[in-house]
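Colleague: My structure is stored as target36.pdb, with PDB, C-alpha atoms.
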ATOM      1  CA  LYS A   1     -14.355 -11.175   0.123  1.00  0.00           C
ATOM      2  CA  ASN A   2     -12.908 -14.398  -1.287  1.00  0.00           C
ATOM      3  CA  GLN A   3     -15.762 -16.624  -2.421  1.00  0.00           C
ATOM      4  CA  VAL A   4     -16.354 -19.733  -4.485  1.00  0.00           C
ATOM      5  CA  GLU A   5     -19.861 -20.297  -5.829  1.00  0.00           C
ATOM      6  CA  GLN A   6     -21.084 -23.470  -7.471  1.00  0.00           C
ATOM      7  CA  SER A   7     -24.097 -24.311  -9.560  1.00  0.00           C
ATOM      8  CA  PRO A   8     -26.349 -26.116  -9.666  1.00  0.00           C
ATOM      9  CA  GLN A   9     -26.770 -26.916  -5.999  1.00  0.00           C
ATOM     10  CA  SER A  10     -27.985 -30.385  -6.899  1.00  0.00           C
ATOM     11  CA  LEU A  11     -28.454 -32.394 -10.061  1.00  0.00           C
ATOM     12  CA  ILE A  12     -30.105 -35.659 -11.026  1.00  0.00           C
ATOM     13  CA  ILE A  13     -29.122 -37.428 -14.241  1.00  0.00           C
ATOM     14  CA  LEU A  14     -29.611 -40.858 -15.756  1.00  0.00           C
ATOM     15  CA  GLU A  15     -26.781 -43.333 -15.954  1.00  0.00           C
ATOM     16  CA  GLY A  16     -24.782 -42.949 -19.146  1.00  0.00           C
ATOM     17  CA  LYS A  17     -25.610 -39.261 -19.621  1.00  0.00           C
ATOM     18  CA  ASN A  18     -23.125 -36.406 -19.516  1.00  0.00           C
ATOM     19  CA  CYS A  19     -23.279 -33.415 -17.195  1.00  0.00           C
ATOM     20  CA  THR A  20     -21.422 -30.192 -16.509  1.00  0.00           C
ATOM     21  CA  LEU A  21     -20.961 -28.521 -13.138  1.00  0.00           C
ATOM     22  CA  GLN A  22     -20.066 -24.840 -12.812  1.00  0.00           C
ATOM     23  CA  CYS A  23     -17.814 -22.899 -10.468  1.00  0.00           C
ATOM     24  CA  ASN A  24     -17.349 -19.120 -10.255  1.00  0.00           C
ATOM     25  CA  TYR A  25     -14.794 -17.617  -7.943  1.00  0.00           C
ATOM     26  CA  THR A  26     -13.766 -14.234  -6.643  1.00  0.00           C
ATOM     27  CA  VAL A  27     -10.457 -15.085  -5.060  1.00  0.00           C
ATOM     28  CA  SER A  28      -7.382 -12.923  -5.184  1.00  0.00           C
ATOM     29  CA  PRO A  29      -4.598 -13.614  -5.521  1.00  0.00           C
ATOM     30  CA  PHE A  30      -5.257 -16.857  -7.366  1.00  0.00           C
ATOM     31  CA  SER A  31      -2.903 -19.810  -7.040  1.00  0.00           C
ATOM     32  CA  ASN A  32      -4.730 -22.850  -8.336  1.00  0.00           C
ATOM     33  CA  LEU A  33      -8.182 -24.410  -8.638  1.00  0.00           C
ATOM     34  CA  ARG A  34      -9.107 -27.943  -7.691  1.00  0.00           C
ATOM     35  CA  TRP A  35     -12.129 -30.139  -8.090  1.00  0.00           C
ATOM     36  CA  TYR A  36     -12.794 -32.695  -5.363  1.00  0.00           C
ATOM     37  CA  LYS A  37     -15.259 -35.580  -5.216  1.00  0.00           C
ATOM     38  CA  GLN A  38     -16.767 -36.277  -1.812  1.00  0.00           C
ATOM     39  CA  ASP A  39     -18.776 -39.411  -1.186  1.00  0.00           C
ATOM     40  CA  THR A  40     -21.328 -39.230   1.611  1.00  0.00           C
ATOM     41  CA  GLY A  41     -19.642 -39.482   4.995  1.00  0.00           C
ATOM     42  CA  ARG A  42     -16.138 -39.488   3.534  1.00  0.00           C
ATOM     43  CA  GLY A  43     -13.367 -36.959   3.047  1.00  0.00           C
ATOM     44  CA  PRO A  44     -12.902 -35.166  -0.293  1.00  0.00           C
ATOM     45  CA  VAL A  45     -10.717 -36.814  -2.936  1.00  0.00           C
ATOM     46  CA  SER A  46      -8.893 -34.700  -5.501  1.00  0.00           C
ATOM     47  CA  LEU A  47      -9.936 -35.063  -9.157  1.00  0.00           C
ATOM     48  CA  THR A  48      -7.972 -32.288 -10.870  1.00  0.00           C
ATOM     49  CA  ILE A  49      -5.725 -29.347 -10.046  1.00  0.00           C
ATOM     50  CA  MET A  50      -5.199 -26.471 -12.479  1.00  0.00           C
ATOM     51  CA  THR A  51      -2.951 -23.451 -12.316  1.00  0.00           C
ATOM     52  CA  PHE A  52      -3.509 -20.061 -13.924  1.00  0.00           C
ATOM     53  CA  SER A  53      -1.941 -21.124 -17.219  1.00  0.00           C
ATOM     54  CA  GLU A  54      -3.935 -24.331 -17.668  1.00  0.00           C
ATOM     55  CA  ASN A  55      -7.229 -24.299 -19.568  1.00  0.00           C
ATOM     56  CA  THR A  56      -8.178 -27.963 -19.516  1.00  0.00           C
ATOM     57  CA  LYS A  57      -7.262 -31.013 -17.519  1.00  0.00           C
ATOM     58  CA  SER A  58      -8.707 -34.496 -17.745  1.00  0.00           C
ATOM     59  CA  ASN A  59      -8.825 -37.396 -15.332  1.00  0.00           C
ATOM     60  CA  GLY A  60     -10.564 -40.330 -16.969  1.00  0.00           C
ATOM     61  CA  ARG A  61     -14.209 -39.399 -17.552  1.00  0.00           C
ATOM     62  CA  TYR A  62     -13.733 -36.105 -15.707  1.00  0.00           C
ATOM     63  CA  THR A  63     -12.639 -32.999 -17.635  1.00  0.00           C
ATOM     64  CA  ALA A  64     -12.112 -29.680 -15.902  1.00  0.00           C
ATOM     65  CA  THR A  65     -11.800 -26.334 -17.644  1.00  0.00           C
ATOM     66  CA  LEU A  66     -10.539 -23.031 -16.317  1.00  0.00           C
ATOM     67  CA  ASP A  67     -11.048 -19.514 -17.675  1.00  0.00           C
ATOM     68  CA  ALA A  68      -8.874 -17.310 -15.506  1.00  0.00           C
ATOM     69  CA  ASP A  69     -10.103 -14.156 -17.236  1.00  0.00           C
ATOM     70  CA  THR A  70     -13.742 -14.695 -16.328  1.00  0.00           C
ATOM     71  CA  LYS A  71     -12.845 -16.601 -13.141  1.00  0.00           C
ATOM     72  CA  GLN A  72     -14.946 -19.574 -14.096  1.00  0.00           C
ATOM     73  CA  SER A  73     -14.347 -23.293 -14.077  1.00  0.00           C
ATOM     74  CA  SER A  74     -16.408 -26.268 -15.105  1.00  0.00           C
ATOM     75  CA  LEU A  75     -16.273 -29.997 -14.475  1.00  0.00           C
ATOM     76  CA  HIS A  76     -17.656 -32.188 -17.226  1.00  0.00           C
ATOM     77  CA  ILE A  77     -18.521 -35.803 -16.481  1.00  0.00           C
ATOM     78  CA  THR A  78     -18.840 -38.097 -19.467  1.00  0.00           C
ATOM     79  CA  ALA A  79     -20.904 -41.285 -19.599  1.00  0.00           C
ATOM     80  CA  SER A  80     -21.946 -41.049 -15.970  1.00  0.00           C
ATOM     81  CA  GLN A  81     -21.952 -44.105 -13.717  1.00  0.00           C
ATOM     82  CA  LEU A  82     -23.876 -44.833 -10.540  1.00  0.00           C
ATOM     83  CA  SER A  83     -20.613 -44.468  -8.611  1.00  0.00           C
ATOM     84  CA  ASP A  84     -20.393 -40.856  -9.738  1.00  0.00           C
ATOM     85  CA  SER A  85     -23.152 -40.035  -7.238  1.00  0.00           C
ATOM     86  CA  ALA A  86     -21.402 -37.713  -4.788  1.00  0.00           C
ATOM     87  CA  SER A  87     -20.799 -34.068  -3.980  1.00  0.00           C
ATOM     88  CA  TYR A  88     -18.364 -32.258  -6.261  1.00  0.00           C
ATOM     89  CA  ILE A  89     -16.551 -29.406  -4.611  1.00  0.00           C
ATOM     90  CA  CYS A  90     -14.661 -26.599  -6.334  1.00  0.00           C
ATOM     91  CA  VAL A  91     -11.749 -25.302  -4.285  1.00  0.00           C
ATOM     92  CA  VAL A  92      -9.510 -22.313  -4.920  1.00  0.00           C
ATOM     93  CA  ARG A  93      -6.150 -21.803  -3.306  1.00  0.00           C
ATOM     94  CA  SER A  94      -5.205 -18.187  -2.787  1.00  0.00           C
ATOM     95  CA  GLY A  95      -1.549 -17.468  -3.345  1.00  0.00           C
ATOM     96  CA  GLY A  96       0.497 -17.048  -0.212  1.00  0.00           C
ATOM     97  CA  TYR A  97      -1.962 -18.781   2.070  1.00  0.00           C
ATOM     98  CA  ASN A  98      -1.857 -22.352   3.232  1.00  0.00           C
ATOM     99  CA  LYS A  99      -5.591 -22.725   3.213  1.00  0.00           C
ATOM    100  CA  LEU A 100      -8.181 -23.504   0.586  1.00  0.00           C
ATOM    101  CA  ILE A 101     -11.440 -21.697  -0.132  1.00  0.00           C
ATOM    102  CA  PHE A 102     -14.203 -24.228  -0.715  1.00  0.00           C
ATOM    103  CA  GLY A 103     -17.441 -23.960  -2.606  1.00  0.00           C
ATOM    104  CA  ALA A 104     -20.566 -25.481  -1.092  1.00  0.00           C
ATOM    105  CA  GLY A 105     -20.515 -28.270  -3.671  1.00  0.00           C
ATOM    106  CA  THR A 106     -22.917 -29.708  -6.221  1.00  0.00           C
ATOM    107  CA  ARG A 107     -24.708 -32.868  -5.129  1.00  0.00           C
ATOM    108  CA  LEU A 108     -24.947 -35.205  -8.098  1.00  0.00           C
ATOM    109  CA  ALA A 109     -27.260 -38.199  -8.121  1.00  0.00           C
ATOM    110  CA  VAL A 110     -26.948 -40.685 -10.978  1.00  0.00           C
ATOM    111  CA  HIS A 111     -30.024 -42.861 -11.367  1.00  0.00           C
ATOM    112  CA  PRO A 112     -30.243 -46.158 -13.300  1.00  0.00           C
TER     113      PRO A 112
ATOM    114  CA  ASP B   1      -2.940 -48.050   3.504  1.00  0.00           C
ATOM    115  CA  THR B   2      -0.747 -44.966   3.962  1.00  0.00           C
ATOM    116  CA  GLY B   3      -3.507 -42.367   3.645  1.00  0.00           C
ATOM    117  CA  VAL B   4      -4.687 -39.879   6.262  1.00  0.00           C
ATOM    118  CA  SER B   5      -6.533 -41.576   9.120  1.00  0.00           C
ATOM    119  CA  GLN B   6      -8.842 -40.073  11.703  1.00  0.00           C
ATOM    120  CA  ASN B   7     -10.254 -41.433  14.930  1.00  0.00           C
ATOM    121  CA  PRO B   8     -12.911 -41.839  16.008  1.00  0.00           C
ATOM    122  CA  ARG B   9     -15.053 -41.844  12.874  1.00  0.00           C
ATOM    123  CA  HIS B  10     -18.142 -40.942  14.858  1.00  0.00           C
ATOM    124  CA  LYS B  11     -18.611 -39.296  18.247  1.00  0.00           C
ATOM    125  CA  ILE B  12     -21.845 -38.618  20.070  1.00  0.00           C
ATOM    126  CA  THR B  13     -21.595 -36.509  23.191  1.00  0.00           C
ATOM    127  CA  LYS B  14     -23.774 -34.488  25.520  1.00  0.00           C
ATOM    128  CA  ARG B  15     -23.618 -30.726  25.567  1.00  0.00           C
ATOM    129  CA  GLY B  16     -20.956 -29.473  27.931  1.00  0.00           C
ATOM    130  CA  GLN B  17     -18.662 -32.472  27.581  1.00  0.00           C
ATOM    131  CA  ASN B  18     -15.129 -32.326  26.186  1.00  0.00           C
ATOM    132  CA  VAL B  19     -14.140 -34.316  23.115  1.00  0.00           C
ATOM    133  CA  THR B  20     -10.807 -35.025  21.456  1.00  0.00           C
ATOM    134  CA  PHE B  21     -10.181 -36.166  17.897  1.00  0.00           C
ATOM    135  CA  ARG B  22      -6.999 -37.584  16.456  1.00  0.00           C
ATOM    136  CA  CYS B  23      -5.498 -37.282  12.985  1.00  0.00           C
ATOM    137  CA  ASP B  24      -2.590 -39.296  11.618  1.00  0.00           C
ATOM    138  CA  PRO B  25      -1.288 -37.688   8.421  1.00  0.00           C
ATOM    139  CA  ILE B  26       0.561 -39.342   5.570  1.00  0.00           C
ATOM    140  CA  SER B  27       3.928 -40.148   7.119  1.00  0.00           C
ATOM    141  CA  GLU B  28       6.201 -37.900   5.067  1.00  0.00           C
ATOM    142  CA  HIS B  29       3.853 -34.911   5.059  1.00  0.00           C
ATOM    143  CA  ASN B  30       4.979 -31.971   7.161  1.00  0.00           C
ATOM    144  CA  ARG B  31       1.827 -29.882   6.786  1.00  0.00           C
ATOM    145  CA  LEU B  32      -1.428 -30.706   8.548  1.00  0.00           C
ATOM    146  CA  TYR B  33      -4.802 -28.947   8.360  1.00  0.00           C
ATOM    147  CA  TRP B  34      -8.073 -29.153  10.249  1.00  0.00           C
ATOM    148  CA  TYR B  35     -11.400 -28.256   8.652  1.00  0.00           C
ATOM    149  CA  ARG B  36     -15.019 -28.265   9.778  1.00  0.00           C
ATOM    150  CA  GLN B  37     -17.848 -29.182   7.438  1.00  0.00           C
ATOM    151  CA  THR B  38     -21.546 -28.761   8.157  1.00  0.00           C
ATOM    152  CA  LEU B  39     -24.297 -30.462   6.197  1.00  0.00           C
ATOM    153  CA  GLY B  40     -24.614 -29.197   2.640  1.00  0.00           C
ATOM    154  CA  GLN B  41     -21.593 -26.929   2.885  1.00  0.00           C
ATOM    155  CA  GLY B  42     -17.990 -27.137   1.848  1.00  0.00           C
ATOM    156  CA  PRO B  43     -15.267 -27.527   4.468  1.00  0.00           C
ATOM    157  CA  GLU B  44     -14.166 -24.440   6.378  1.00  0.00           C
ATOM    158  CA  PHE B  45     -10.555 -23.946   7.414  1.00  0.00           C
ATOM    159  CA  LEU B  46      -9.831 -24.142  11.148  1.00  0.00           C
ATOM    160  CA  THR B  47      -6.092 -24.348  11.600  1.00  0.00           C
ATOM    161  CA  TYR B  48      -2.778 -25.304   9.984  1.00  0.00           C
ATOM    162  CA  PHE B  49       0.469 -26.827  11.240  1.00  0.00           C
ATOM    163  CA  GLN B  50       3.849 -26.988   9.638  1.00  0.00           C
ATOM    164  CA  ASN B  51       5.686 -29.687  11.539  1.00  0.00           C
ATOM    165  CA  GLU B  52       4.844 -29.008  15.212  1.00  0.00           C
ATOM    166  CA  ALA B  53       4.241 -25.276  14.767  1.00  0.00           C
ATOM    167  CA  GLN B  54       0.668 -24.013  14.549  1.00  0.00           C
ATOM    168  CA  LEU B  55       1.064 -21.269  11.967  1.00  0.00           C
ATOM    169  CA  GLU B  56      -2.486 -20.167  11.325  1.00  0.00           C
ATOM    170  CA  LYS B  57      -5.828 -20.242  13.107  1.00  0.00           C
ATOM    171  CA  SER B  58      -9.214 -19.279  11.764  1.00  0.00           C
ATOM    172  CA  ARG B  59     -11.557 -16.977  13.640  1.00  0.00           C
ATOM    173  CA  LEU B  60     -13.865 -20.020  13.678  1.00  0.00           C
ATOM    174  CA  LEU B  61     -11.503 -21.578  16.197  1.00  0.00           C
ATOM    175  CA  SER B  62     -12.960 -20.186  19.415  1.00  0.00           C
ATOM    176  CA  ASP B  63     -11.215 -20.434  22.764  1.00  0.00           C
ATOM    177  CA  ARG B  64     -13.054 -23.717  23.380  1.00  0.00           C
ATOM    178  CA  PHE B  65     -11.080 -25.291  20.541  1.00  0.00           C
ATOM    179  CA  SER B  66      -7.431 -26.264  20.803  1.00  0.00           C
ATOM    180  CA  ALA B  67      -5.248 -28.188  18.395  1.00  0.00           C
ATOM    181  CA  GLU B  68      -1.821 -29.663  18.920  1.00  0.00           C
ATOM    182  CA  ARG B  69       0.794 -31.492  16.929  1.00  0.00           C
ATOM    183  CA  PRO B  70       3.382 -32.176  19.611  1.00  0.00           C
ATOM    184  CA  LYS B  71       5.982 -34.114  17.650  1.00  0.00           C
ATOM    185  CA  GLY B  72       5.159 -32.948  14.179  1.00  0.00           C
ATOM    186  CA  SER B  73       3.414 -36.209  13.355  1.00  0.00           C
ATOM    187  CA  PHE B  74      -0.157 -36.880  14.562  1.00  0.00           C
ATOM    188  CA  SER B  75      -2.436 -34.075  15.667  1.00  0.00           C
ATOM    189  CA  THR B  76      -5.298 -33.747  18.125  1.00  0.00           C
ATOM    190  CA  LEU B  77      -8.246 -31.381  18.075  1.00  0.00           C
ATOM    191  CA  GLU B  78      -9.995 -30.846  21.407  1.00  0.00           C
ATOM    192  CA  ILE B  79     -13.329 -29.136  21.905  1.00  0.00           C
ATOM    193  CA  GLN B  80     -14.162 -28.144  25.457  1.00  0.00           C
ATOM    194  CA  ARG B  81     -17.671 -27.567  26.791  1.00  0.00           C
ATOM    195  CA  THR B  82     -19.260 -28.726  23.551  1.00  0.00           C
ATOM    196  CA  GLU B  83     -22.327 -26.935  22.201  1.00  0.00           C
ATOM    197  CA  GLN B  84     -24.964 -28.184  19.796  1.00  0.00           C
ATOM    198  CA  GLY B  85     -23.566 -25.830  17.165  1.00  0.00           C
ATOM    199  CA  ASP B  86     -20.321 -27.811  17.240  1.00  0.00           C
ATOM    200  CA  SER B  87     -22.078 -30.728  15.544  1.00  0.00           C
ATOM    201  CA  ALA B  88     -20.290 -31.175  12.233  1.00  0.00           C
ATOM    202  CA  MET B  89     -17.815 -33.301  10.325  1.00  0.00           C
ATOM    203  CA  TYR B  90     -14.223 -32.517  11.324  1.00  0.00           C
ATOM    204  CA  LEU B  91     -11.796 -33.185   8.510  1.00  0.00           C
ATOM    205  CA  CYS B  92      -8.030 -33.460   8.659  1.00  0.00           C
ATOM    206  CA  ALA B  93      -5.754 -33.086   5.646  1.00  0.00           C
ATOM    207  CA  SER B  94      -2.019 -33.270   5.101  1.00  0.00           C
ATOM    208  CA  SER B  95       0.380 -32.156   2.414  1.00  0.00           C
ATOM    209  CA  ASP B  96       4.048 -32.210   1.546  1.00  0.00           C
ATOM    210  CA  ARG B  97       5.430 -28.743   0.854  1.00  0.00           C
ATOM    211  CA  ASP B  98       7.833 -30.200  -1.669  1.00  0.00           C
ATOM    212  CA  ARG B  99       5.056 -31.633  -3.795  1.00  0.00           C
ATOM    213  CA  THR B 100       3.925 -29.619  -6.769  1.00  0.00           C
ATOM    214  CA  LEU B 101       0.954 -27.395  -5.950  1.00  0.00           C
ATOM    215  CA  ASN B 102       0.920 -28.497  -2.300  1.00  0.00           C
ATOM    216  CA  GLU B 103      -1.970 -30.906  -2.868  1.00  0.00           C
ATOM    217  CA  GLN B 104      -3.872 -31.706   0.318  1.00  0.00           C
ATOM    218  CA  PHE B 105      -4.990 -35.257   1.019  1.00  0.00           C
ATOM    219  CA  PHE B 106      -8.017 -35.607   3.244  1.00  0.00           C
ATOM    220  CA  GLY B 107      -8.892 -38.150   5.879  1.00  0.00           C
ATOM    221  CA  PRO B 108     -12.362 -39.725   6.188  1.00  0.00           C
ATOM    222  CA  GLY B 109     -13.411 -37.268   8.891  1.00  0.00           C
ATOM    223  CA  THR B 110     -14.848 -37.500  12.385  1.00  0.00           C
ATOM    224  CA  ARG B 111     -18.574 -36.836  12.595  1.00  0.00           C
ATOM    225  CA  LEU B 112     -19.469 -35.141  15.882  1.00  0.00           C
ATOM    226  CA  THR B 113     -23.031 -35.046  17.192  1.00  0.00           C
ATOM    227  CA  VAL B 114     -23.688 -32.954  20.283  1.00  0.00           C
ATOM    228  CA  LEU B 115     -26.994 -33.771  21.975  1.00  0.00           C
TER     229      LEU B 115
END
Output the structure of this file as C-alpha cells.

Modeller:
Amino acid sequence: KNQVEQSPQSLIILEGKNCTLQCNYTVSPFSNLRWYKQDTGRGPVSLTIMTFSENTKSNGRYTATLDADTKQSSLHITASQLSDSASYICVVRSGGYNKLIFGAGTRLAVHP
Amino acid sequence: DTGVSQNPRHKITKRGQNVTFRCDPISEHNRLYWYRQTLGQGPEFLTYFQNEAQLEKSRLLSDRFSAERPKGSFSTLEIQRTEQGDSAMYLCASSDRDRTLNEQFFGPGTRLTVL
C-alpha cells in the first residue's frame, strides 16, 4: 500500500532555532516528492519539489533532502520565525497517476 | 490575484441537506483536482479533471458526491443528503500539464460543517 509517514506529529521550538522534519514513504513507482506548508484554515503552498535524481533543494530558509534508496526525506528549517508556525506536509507523486499521496503532516509551533 | 479560488470559504448545513462548492482554477490550467482534508490529516484525493473530462474518481467519492467541470474552466462539487461524517475541508487544486513536474496549486478550501 502506498503510504507517506511523517514525524514528529507535532513540534514546538523557540524562535531563532533550527528544526528538522522527517518523511518516510513507501510509494511505487516514485515520480517526485514535495513539501508543502499549510497555514491553519488555508490551502497547502508548495515549498520544494524533488525528483529521483535530486538530493537537496533549498528555498530560502527551507532545505529539503531526499534519499531515494532509503525512501526518506527531510525538511530543515533554519533560524525559525513565528510565521513558520504551520503544518508541513510531505507529498509523494506516484508515476503515472495524476494524484498525490499526502502524509498527515507535522504541526510546527514557533514560540517567542 | 490569479490563484485558485474557492467559494464559499465556510458552509454550515444541517444533516440531510445538499451543498455545492465552487472552484475557479488558475486560468490557463487544464487539470483540476478535488481533495478532502479532515482535522489533523493530510488531504485525500477525491477526483481529477483534465479539461471537462472527469478522468479519475476515488473510492471516497460515494454516490452522494458528484463533481462537474462543464466547460473545462470552473468546477463544482455537490454533496447530496449530507452526513456528519462529511464535515471536512474540501480543497481544490489546479495544474498545467505542460509545466515541469505538474505542480498543483491549491485554493484556500471550503470548510464544511454538518450539524

Colleague: Report as a count of residues only the residues that result from applying the ChimeraX specification (/B :<6) & /A to the structure here.

Modeller: 5

Colleague: Do you have the atom CA of Trp35 of chain A-atom CA of Gln72 of chain A distance handy?

Modeller: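 Taking atom CA of Trp35 of chain A as the start and atom CA of Gln72 of chain A as the end point, the length is 12.5 Å.
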
Colleague: Please indicate the distance in Å from atom CA of Thr56 of chain A to atom CA of Pro112 of chain A, rounded to one decimal place.

Modeller: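 Atom CA of Pro112 of chain A lies at a distance of 29.3 Å from atom CA of Thr56 of chain A.
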
Colleague: Figure out the distance between atom CA of Ser7 of chain A and atom CA of Leu108 of chain A, please, to one decimal in Å.

Modeller: 11.0 Å

Colleague: Translate the PyMOL selection byres ((chain B and resi 113) around 10), as applied to the file shown, into an explicit residue set as a ChimeraX atom specification.

Modeller: /B:10-15,82-89,110-112,114-115

Colleague: Please evaluate the PyMOL selection byres ((chain A and resi 36-41) around 8) against the structure above and give the resulting residues as a PDB file with C-alpha atoms, in the frame of the given file.

Modeller:
ATOM      1  CA  ARG A  34      -9.107 -27.943  -7.691  1.00  0.00           C
ATOM      2  CA  TRP A  35     -12.129 -30.139  -8.090  1.00  0.00           C
ATOM      3  CA  ARG A  42     -16.138 -39.488   3.534  1.00  0.00           C
ATOM      4  CA  GLY A  43     -13.367 -36.959   3.047  1.00  0.00           C
ATOM      5  CA  PRO A  44     -12.902 -35.166  -0.293  1.00  0.00           C
ATOM      6  CA  VAL A  45     -10.717 -36.814  -2.936  1.00  0.00           C
ATOM      7  CA  SER A  46      -8.893 -34.700  -5.501  1.00  0.00           C
ATOM      8  CA  LEU A  47      -9.936 -35.063  -9.157  1.00  0.00           C
ATOM      9  CA  THR A  48      -7.972 -32.288 -10.870  1.00  0.00           C
ATOM     10  CA  SER A  85     -23.152 -40.035  -7.238  1.00  0.00           C
ATOM     11  CA  ALA A  86     -21.402 -37.713  -4.788  1.00  0.00           C
ATOM     12  CA  SER A  87     -20.799 -34.068  -3.980  1.00  0.00           C
ATOM     13  CA  TYR A  88     -18.364 -32.258  -6.261  1.00  0.00           C
ATOM     14  CA  ILE A  89     -16.551 -29.406  -4.611  1.00  0.00           C
ATOM     15  CA  CYS A  90     -14.661 -26.599  -6.334  1.00  0.00           C
ATOM     16  CA  VAL A  91     -11.749 -25.302  -4.285  1.00  0.00           C
TER      17      VAL A  91
ATOM     18  CA  PRO B 108     -12.362 -39.725   6.188  1.00  0.00           C
ATOM     19  CA  GLY B 109     -13.411 -37.268   8.891  1.00  0.00           C
TER      20      GLY B 109
END

Colleague: Extract, using only C-alpha atoms, all DNA, RNA and protein residues at most 8 Å from Asp24 of chain B, discarding same-chain residues fewer than 4 positions from it, and format them as a ChimeraX atom specification.

Modeller: /B:4-6,73-75

Colleague: My list of candidates is B:Arg69, B:Arg64, B:Arg59, B:Ser94. Which is closest to Gly16 of chain B when distances are computed with only C-alpha atoms?

Modeller: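 Among the listed residues, B:Arg64 lies closest to Gly16 of chain B.
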
Colleague: At most 10 Å from (-4.5, -19.0, -17.5), file frame, all atoms listed in the file: which residues, as a PyMOL selection string?

Modeller: chain A and resi 32+50-56+66-69+71
